[in-house]
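Colleague: One structure coming up, written as structure tokens, with questions to follow.
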Amino acid sequence: MKNRKMSLHALLGFLVLALGAPALRAESDPLVLLRDTVDTIVERLFPDGVAADPASAMPEVRRLVEERFDFSVISRRAIGRGWNRLSEAQQVRYTTLFADLLMHTYTDRLTGLRRPQFEWGGVQELGRDRVEIDSTILYEGERYAVVYRLVRMGGDWQVYDLVIEGVSLVGNFRSQFTSVLDRRGPEAFIQTLEDRVAAQKAGS
Amino acid sequence: MRKLKIETLVGLFVLVGLVAIAYLSIKIGGARFFGGDHYELQARFTNVGGLNRGADVRIGGVSIGQVTEVRLDHETFAAMVRFRVPVGLELEDDTIASIRTSGLIGDRFISLSPGGSGIVLAPGDILFDTESAIELESLISRFAFGSVED
């Protein structure tokens with residue numbers, strides 16, 4: 001059971017990486033662009049169908065992500081109202097740390113996992129410049145429902161949230177961040193993130 | 001003359017009775033005729049898990065409003081929920097609305113997690129960032145099927 005749980009975590013971590021990728025061009029179909037981006041990252045992380053050494057692939061994945069993605073969108077959403085409590089310098093530090101946190105969290109857990117299969121569902125338009133894309137991930141006989149939420153900002157499509165089995169990634173981080181911010185204040189919150197990222201780097 | 005007086009009194013008595021009944025109905029039913037102190041927002045969910053009209057809307061566990069309508073969108077089969085929040089409570093467009101349960105088998109309510117995008121929602125706006133109800137039954141069945149393979 002523990003192995004299964006770990007696998008699931010790793011899979012979710014992998015999704016987070018995929019989340020980072022698509023700052024998609026405006027004219028194109030968001031589904032096609034999202035699929036291509038996810039495929040590219042999957043190819044990097046699971047060469048020959050197995051994640052043999054994800055840690056070494058990580059710098060390249062990160063480069064791919066940062067070439068096309070603005071982490072400020074998701075990081076700002078993840079902190080919610082707390083954003084206004086941070087000073088400008090703290091906002092910059094927080095954005096970098098949040099990106100680090102997302103990229104590092106599950107790297108080790110991917111090791112040895114097989115490549116998951118993807119099924120893409122339809123694109124639902126939710127009004128102006130906003131779409132939701134349904135997908136299913138098949139991994140070791142299990143199906144996981146994943147919904148990508150995208151918004152068009154300044155001509156580019158950006159993924160701003162992932163809903164995995166009904167749980168929102170941004171919502172999950174927001175409740176944790178709000179709780180730490182309320183209890184300990186902005187500076188201690190940034191310090192907590194720094195410690196967490198440092199521990200992850202040391203561990204990997 | 002005397003007959004007229006009695007009839008007037010009876011009329012007044014009936015009128016007072018009617019006003020009292022109307023007052024009670026409004027108080028007990030929670031109906032509001034003047035929307036001055038509240039405004040309405042909408043949220044779109046894939047599954048509301050039996051959320052009902054009159055259910056609480058909470059922020060940080062504090063009840064701030066009520067659900068006024070739950071209906072099915074016949075085109076997308078999404079559940080559209082209309083709810084009321086107090087005027088003066090500014091919610092931004094990245095607010096997340098989640099369907100939660102009070103206690104293990106308690107009532108469903110909507111929990112709002114306020115955002116910080118800087119774009120304030122206007123009355124009637126729709127929240128798309130939602131978390132649908134998580135059904136205990138489906139979690140249990142997933143767990144049960146999963147354990148067969150282990």
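Letters A, B, ... go to the chains of the structure tokens in the order shown; residues in each chain start at 1; ligands are counted from 1 in the same order.
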Excluding region 134-146 of chain A and any residue of its chain fewer than 3 positions from it, enumerate the residues within 6 Å of it, using only C-alpha atoms, and give them as number ranges by chain.

Modeller: A: 116-122, 163-165

Colleague: Mind running chain A against chain B at 8 Å and telling me each contacting residue's nearest atom pair with the distance in Å (one decimal), counting only C-alpha atoms, chain and number ascending, as a Markdown table?

Modeller:
| residue | atom | partner | partner_atom | distance |
| --- | --- | --- | --- | --- |
| A:Met1 | CA | B:Asp150 | CA | 6.6 |
| A:Arg76 | CA | B:Gly116 | CA | 7.5 |
| A:Arg77 | CA | B:Gly115 | CA | 6.7 |
| A:Ile79 | CA | B:Gly115 | CA | 7.7 |
| A:Gly80 | CA | B:Gly115 | CA | 4.0 |
| A:Arg81 | CA | B:Gly116 | CA | 4.1 |
| A:Gly82 | CA | B:Gly116 | CA | 7.1 |
| A:Trp83 | CA | B:Gly116 | CA | 6.3 |
| A:Asn84 | CA | B:Gly116 | CA | 7.2 |
| A:Leu126 | CA | B:Phe128 | CA | 7.3 |
| A:Glu142 | CA | B:Gly146 | CA | 7.8 |
| A:Val163 | CA | B:Glu131 | CA | 7.8 |
| A:Gly166 | CA | B:Glu131 | CA | 5.9 |
| A:Val167 | CA | B:Glu131 | CA | 6.1 |
| A:Ser168 | CA | B:Glu131 | CA | 6.4 |
| A:Gly171 | CA | B:Ile96 | CA | 6.7 |
| A:Arg174 | CA | B:Ser113 | CA | 7.9 |
| A:Ser175 | CA | B:Ser113 | CA | 7.7 |

Colleague: One decimal, in Å: what's the spacing between CA of Glu88 (chain A) and CA of Phe189 (chain A)?

Modeller: 14.7 Å

Colleague: With DSSP run on the backbone, what are the alpha helix (DSSP H) residues within chain B? I'd like them as a compact mmCIF listing (two decimals) with C-alpha atoms, in the first residue's frame.

Modeller:
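See out_25.txt below for the written result:
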# COMPACT_ATOMS: atom_id res chain seq x y z
CA ARG B 2 -72.51 50.43 16.72
CA LYS B 3 -72.55 47.71 14.05
CA LEU B 4 -70.12 49.71 11.93
CA LYS B 5 -67.70 50.06 14.88
CA ILE B 6 -67.67 46.32 15.50
CA GLU B 7 -67.05 45.60 11.84
CA THR B 8 -64.15 48.07 11.76
CA LEU B 9 -62.62 46.45 14.84
CA VAL B 10 -62.95 42.98 13.36
CA GLY B 11 -61.41 44.27 10.12
CA LEU B 12 -58.47 45.75 12.01
CA PHE B 13 -58.02 42.54 13.97
CA VAL B 14 -57.89 40.48 10.76
CA LEU B 15 -55.42 42.95 9.24
CA VAL B 16 -53.11 42.76 12.26
CA GLY B 17 -53.35 38.97 12.07
CA LEU B 18 -52.38 38.96 8.41
CA VAL B 19 -49.39 41.26 9.04
CA ALA B 20 -48.25 38.97 11.86
CA ILE B 21 -48.52 35.90 9.62
CA ALA B 22 -46.61 37.66 6.83
CA TYR B 23 -43.88 38.72 9.28
CA LEU B 24 -43.55 35.18 10.64
CA SER B 25 -43.40 33.68 7.16
CA ILE B 26 -40.61 36.04 6.16
CA LYS B 27 -38.64 35.47 9.36
CA ILE B 28 -38.96 31.70 9.38
CA GLY B 29 -38.62 31.25 5.63
CA LEU B 136 -16.67 9.09 0.29
CA GLU B 137 -18.14 6.15 -1.61
CA SER B 138 -15.91 6.66 -4.63
CA LEU B 139 -12.85 6.99 -2.40
CA ILE B 140 -13.75 3.77 -0.62
CA SER B 141 -14.31 1.89 -3.88
CA ARG B 142 -11.00 3.16 -5.26
CA PHE B 143 -9.29 2.03 -2.10
CA ALA B 144 -11.02 -1.35 -2.23
CA PHE B 145 -10.17 -2.00 -5.89
CA GLY B 146 -6.64 -0.77 -5.36
CA SER B 147 -6.01 -3.15 -2.49
CA VAL B 148 -6.91 -6.16 -4.65
CA GLU B 149 -3.82 -5.59 -6.79

Colleague: If you run DSSP over the backbone, which residues in region 6-107 of chain B end up strand (DSSP E or B)? Put them as a PyMOL selection string.

Modeller: chain B and resi 38-45+56-59+62-72+79-86+92+96-101

Colleague: Mind checking which residues fall within 10 Å of Val85 (chain B), counting only C-alpha atoms, ignoring those fewer than 2 positions away in the same chain, and posting them as a VMD selection string?

Modeller: chain B and resid 37 to 41 57 to 58 63 to 67 83 87 to 91 123

Colleague: Go ahead and write the selection's residues with N, CA and C atoms as an mmCIF file, in the first residue's frame.

Modeller:
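New file selection29.cif:
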data_model
loop_
_atom_site.group_PDB
_atom_site.id
_atom_site.type_symbol
_atom_site.label_atom_id
_atom_site.label_comp_id
_atom_site.auth_asym_id
_atom_site.auth_seq_id
_atom_site.Cartn_x
_atom_site.Cartn_y
_atom_site.Cartn_z
ATOM 1 N N ASP B 37 -28.631 44.438 1.150
ATOM 2 C CA ASP B 37 -27.467 44.134 1.961
ATOM 3 C C ASP B 37 -26.687 42.931 1.437
ATOM 4 N N HIS B 38 -27.142 42.340 0.346
ATOM 5 C CA HIS B 38 -26.440 41.181 -0.211
ATOM 6 C C HIS B 38 -26.311 41.313 -1.727
ATOM 7 N N TYR B 39 -25.350 40.596 -2.284
ATOM 8 C CA TYR B 39 -25.329 40.455 -3.738
ATOM 9 C C TYR B 39 -25.066 38.996 -4.076
ATOM 10 N N GLU B 40 -25.370 38.628 -5.338
ATOM 11 C CA GLU B 40 -25.276 37.223 -5.713
ATOM 12 C C GLU B 40 -24.090 36.936 -6.626
ATOM 13 N N LEU B 41 -23.490 35.786 -6.411
ATOM 14 C CA LEU B 41 -22.433 35.298 -7.302
ATOM 15 C C LEU B 41 -22.833 33.891 -7.745
ATOM 16 N N VAL B 57 -22.632 29.406 3.074
ATOM 17 C CA VAL B 57 -21.418 29.790 2.353
ATOM 18 C C VAL B 57 -20.474 30.323 3.417
ATOM 19 N N ARG B 58 -19.279 29.759 3.506
ATOM 20 C CA ARG B 58 -18.386 30.133 4.609
ATOM 21 C C ARG B 58 -17.028 30.604 4.112
ATOM 22 N N SER B 63 -19.922 31.572 8.689
ATOM 23 C CA SER B 63 -21.012 31.636 7.717
ATOM 24 C C SER B 63 -21.235 33.073 7.283
ATOM 25 N N ILE B 64 -21.163 33.330 5.970
ATOM 26 C CA ILE B 64 -21.331 34.705 5.477
ATOM 27 C C ILE B 64 -22.472 34.826 4.466
ATOM 28 N N GLY B 65 -23.046 33.701 4.061
ATOM 29 C CA GLY B 65 -24.136 33.792 3.088
ATOM 30 C C GLY B 65 -24.794 32.450 2.876
ATOM 31 N N GLN B 66 -25.724 32.404 1.943
ATOM 32 C CA GLN B 66 -26.465 31.175 1.667
ATOM 33 C C GLN B 66 -26.565 30.888 0.174
ATOM 34 N N VAL B 67 -26.725 29.604 -0.118
ATOM 35 C CA VAL B 67 -26.990 29.181 -1.492
ATOM 36 C C VAL B 67 -28.437 29.513 -1.815
ATOM 37 N N PHE B 83 -25.253 31.909 -5.153
ATOM 38 C CA PHE B 83 -25.237 32.138 -3.703
ATOM 39 C C PHE B 83 -25.096 33.617 -3.390
ATOM 40 N N VAL B 87 -22.934 42.620 0.879
ATOM 41 C CA VAL B 87 -22.349 43.779 0.200
ATOM 42 C C VAL B 87 -21.198 44.282 1.069
ATOM 43 N N GLY B 88 -20.123 44.689 0.467
ATOM 44 C CA GLY B 88 -18.975 45.174 1.237
ATOM 45 C C GLY B 88 -17.906 44.106 1.365
ATOM 46 N N LEU B 89 -18.285 42.846 1.101
ATOM 47 C CA LEU B 89 -17.295 41.777 1.108
ATOM 48 C C LEU B 89 -16.785 41.630 -0.318
ATOM 49 N N GLU B 90 -15.599 42.145 -0.563
ATOM 50 C CA GLU B 90 -15.064 42.115 -1.924
ATOM 51 C C GLU B 90 -14.298 40.828 -2.159
ATOM 52 N N LEU B 91 -14.746 40.058 -3.146
ATOM 53 C CA LEU B 91 -14.065 38.809 -3.478
ATOM 54 C C LEU B 91 -13.410 38.968 -4.840
ATOM 55 N N PRO B 123 -21.459 41.666 -8.997
ATOM 56 C CA PRO B 123 -22.649 40.841 -8.799
ATOM 57 C C PRO B 123 -22.997 40.048 -10.066
#

Colleague: Go ahead and compute the interatomic distance for CA of Glu43 (chain A) and CA of Ser28 (chain A), in Å to one decimal.

Modeller: 22.0 Å

Colleague: Which residues are near Val70 (chain B)? Cut-off 8 Å, only C-alpha atoms, ignore same chain within fewer than 6 positions. Put them as a ChimeraX atom specification.

Modeller: /B:51-53,79-82

Colleague: Using only N, CA, C and O atoms, please write the residues we just selected to a file, as a tab-separated table (two decimals), in the first residue's frame.

Modeller:
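File written: part_4.tsv
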chain	number	residue	atom	x	y	z
B	51	LEU	N	-25.69	19.30	-2.59
B	51	LEU	CA	-25.79	20.64	-1.97
B	51	LEU	C	-27.20	21.18	-2.20
B	51	LEU	O	-27.74	21.06	-3.30
B	52	ASN	N	-27.79	21.77	-1.18
B	52	ASN	CA	-29.17	22.25	-1.30
B	52	ASN	C	-29.27	23.76	-1.19
B	52	ASN	O	-28.37	24.42	-0.68
B	53	ARG	N	-30.42	24.25	-1.63
B	53	ARG	CA	-30.74	25.66	-1.46
B	53	ARG	C	-30.76	25.96	0.04
B	53	ARG	O	-31.25	25.15	0.83
B	79	ALA	N	-23.05	21.62	-12.75
B	79	ALA	CA	-23.98	22.14	-11.74
B	79	ALA	C	-23.68	23.62	-11.53
B	79	ALA	O	-22.54	23.99	-11.26
B	80	MET	N	-24.69	24.46	-11.69
B	80	MET	CA	-24.50	25.89	-11.47
B	80	MET	C	-25.14	26.26	-10.13
B	80	MET	O	-26.30	25.96	-9.88
B	81	VAL	N	-24.35	26.90	-9.29
B	81	VAL	CA	-24.84	27.28	-7.97
B	81	VAL	C	-24.84	28.80	-7.85
B	81	VAL	O	-23.88	29.46	-8.23
B	82	ARG	N	-25.95	29.31	-7.37
B	82	ARG	CA	-26.06	30.75	-7.14
B	82	ARG	C	-26.06	30.97	-5.63
B	82	ARG	O	-26.72	30.23	-4.90
